[in-house]
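Chemist: To start, I am sharing the structure in question, which I have written as C-alpha cells.
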Amino acid sequence: MSIRLILRTLTPWLLIAAAGGLAAAIRFLFIEPAAMGETCEAHAALWWCSLRLMLVKGFLYNIYGWAAAVLAITSLATRRPWLAVLAAALGVFAVVLYCVELGAFALLVGVLREARLRADGSPF
C-alpha cells in the first residue's frame with residue numbers, strides 16, 4: 001500500500017476527528033468553564049465574549065445541527081464525497097456542542113454516504 005493511498009483513505013477520518021477535537025476544545029475550554037461565563041457577564045466588552053456568545057447561541061438555536069443535517073441531505077442528492085465528509089465532520093461538531101439529534105443524523109448519513117461513494121470508486 002502506497003503512502004498516497006493511505007493518505008487518501010485516512011484523510012476523511014482525520015478531518016472528522018479534527019472537527020470533534022476542535023468542538024471539544026471549544027466546549028471544555030471556552031464554553032463550559034464557569035469562570036469564562038462570569039468574566040463575560042462582568043466585562044462584556046472583552047473581544048472574545050461576543051465570540052463566546054455567538055457559539056452559545058449556535059447550540060441554543062440548534063444551528064450546528066441544522067447546518068449538518070442540510071449538508072447530509074445535500075450529500076445524498078449529489079455524488080461529492082467531500083460533501084459527505086463535511087456533513088459528518090459538522091455532525092461530530094454538532095454532537096459535541098449539544099446538538100445531539102440532528103448532529104448524530106448528519107454524522108451517520110455523512111459517514112455512510114462517504115463509504116458508499118468510496119465503494120463505488122469516487123475519489124475524495
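Letters A, B, ... go to the chains of the C-alpha cells in the order shown; residues in each chain start at 1; ligands are counted from 1 in the same order.
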So that I can see what lies close to Cys40 (chain A), please list as a list in words the residues with an atom at most 9 Å from it, counting only C-alpha atoms and leaving out residues fewer than 3 positions away in the same chain.
Modeler: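 Surrounding residues, per the criterion: Ala35, Met36, Gly37, His43, Ala44, Ala45, Leu46, Trp48, Cys49, Ser50, Arg52 and Leu53 of chain A.
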Chemist: Deliver the residues from the most recent selection as a file, using C-alpha atoms, as a compact mmCIF listing (two decimals), in the first residue's frame.
Modeler:
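And here is the file that came out, result_19.txt:
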# COMPACT_ATOMS: atom_id res chain seq x y z
CA ALA A 35 -15.09 31.49 35.11
CA MET A 36 -15.49 32.27 31.40
CA GLY A 37 -19.19 32.96 31.78
CA HIS A 43 -16.80 42.51 31.37
CA ALA A 44 -18.99 42.15 28.29
CA ALA A 45 -16.67 44.43 26.32
CA LEU A 46 -13.93 41.81 26.08
CA TRP A 48 -13.84 37.14 22.93
CA CYS A 49 -17.11 37.46 24.86
CA SER A 50 -19.08 38.19 21.69
CA ARG A 52 -18.41 33.02 23.03
CA LEU A 53 -21.96 34.36 22.95
Chemist: Please compute the CA of Ala72 (chain A)-CA of Ile26 (chain A) distance, one decimal, in Å.
Modeler: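 Computing the Euclidean distance for CA of Ala72 (chain A) and CA of Ile26 (chain A) yields 23.0 Å.
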Chemist: Find the residues near Leu117 (chain A): any atom within 12 Å, counting only C-alpha atoms, skip ones fewer than 2 places away on the same chain, and give them as a list in words.
Modeler: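 With the cut-off at 12 Å, the set is Ser75, Leu76, Thr78, Arg79, Arg80, Pro81, Trp82, Leu83, Ala84, Val85, Val109, Gly110, Val111, Leu112, Arg113, Glu114, Ala115, Ala119, Asp120, Gly121, Ser122, Pro123 and Phe124 of chain A.
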Chemist: Which residues are close to Ala67 (chain A), i.e. within 12 Å by only C-alpha atoms, leaving aside same-chain residues fewer than 4 positions away? Reply as a list of chain:residue names.
Modeler: A:Gly58, A:Phe59, A:Tyr61, A:Asn62, A:Ile63, A:Leu71, A:Ala72, A:Ile73, A:Thr74, A:Leu86, A:Ala87, A:Ala88, A:Ala89, A:Leu90, A:Gly91, A:Val92, A:Phe93, A:Ala94, A:Cys99, A:Leu102, A:Gly103, A:Phe105, A:Ala106, A:Leu107
Chemist: As an exercise, work out the distance from CA of Phe28 (chain A) to CA of Pro12 (chain A) in Å and give it to one decimal place.
Modeler: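 Interatomic distance here is 24.4 Å.
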Chemist: Using Å and a single decimal, report how far CA of Val100 (chain A) sits from CA of Gly65 (chain A).
Modeler: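 If I compute the distance from CA of Gly65 (chain A) to CA of Val100 (chain A), I get 7.4 Å.
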Chemist: I need the residue nearest Ile31 (chain A) from this list: A:Val70, A:Leu15, A:Ile6, A:Leu55. Use only C-alpha atoms for the distance.
Modeler: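 Distance minimum relative to Ile31 (chain A) lands on A:Leu55.
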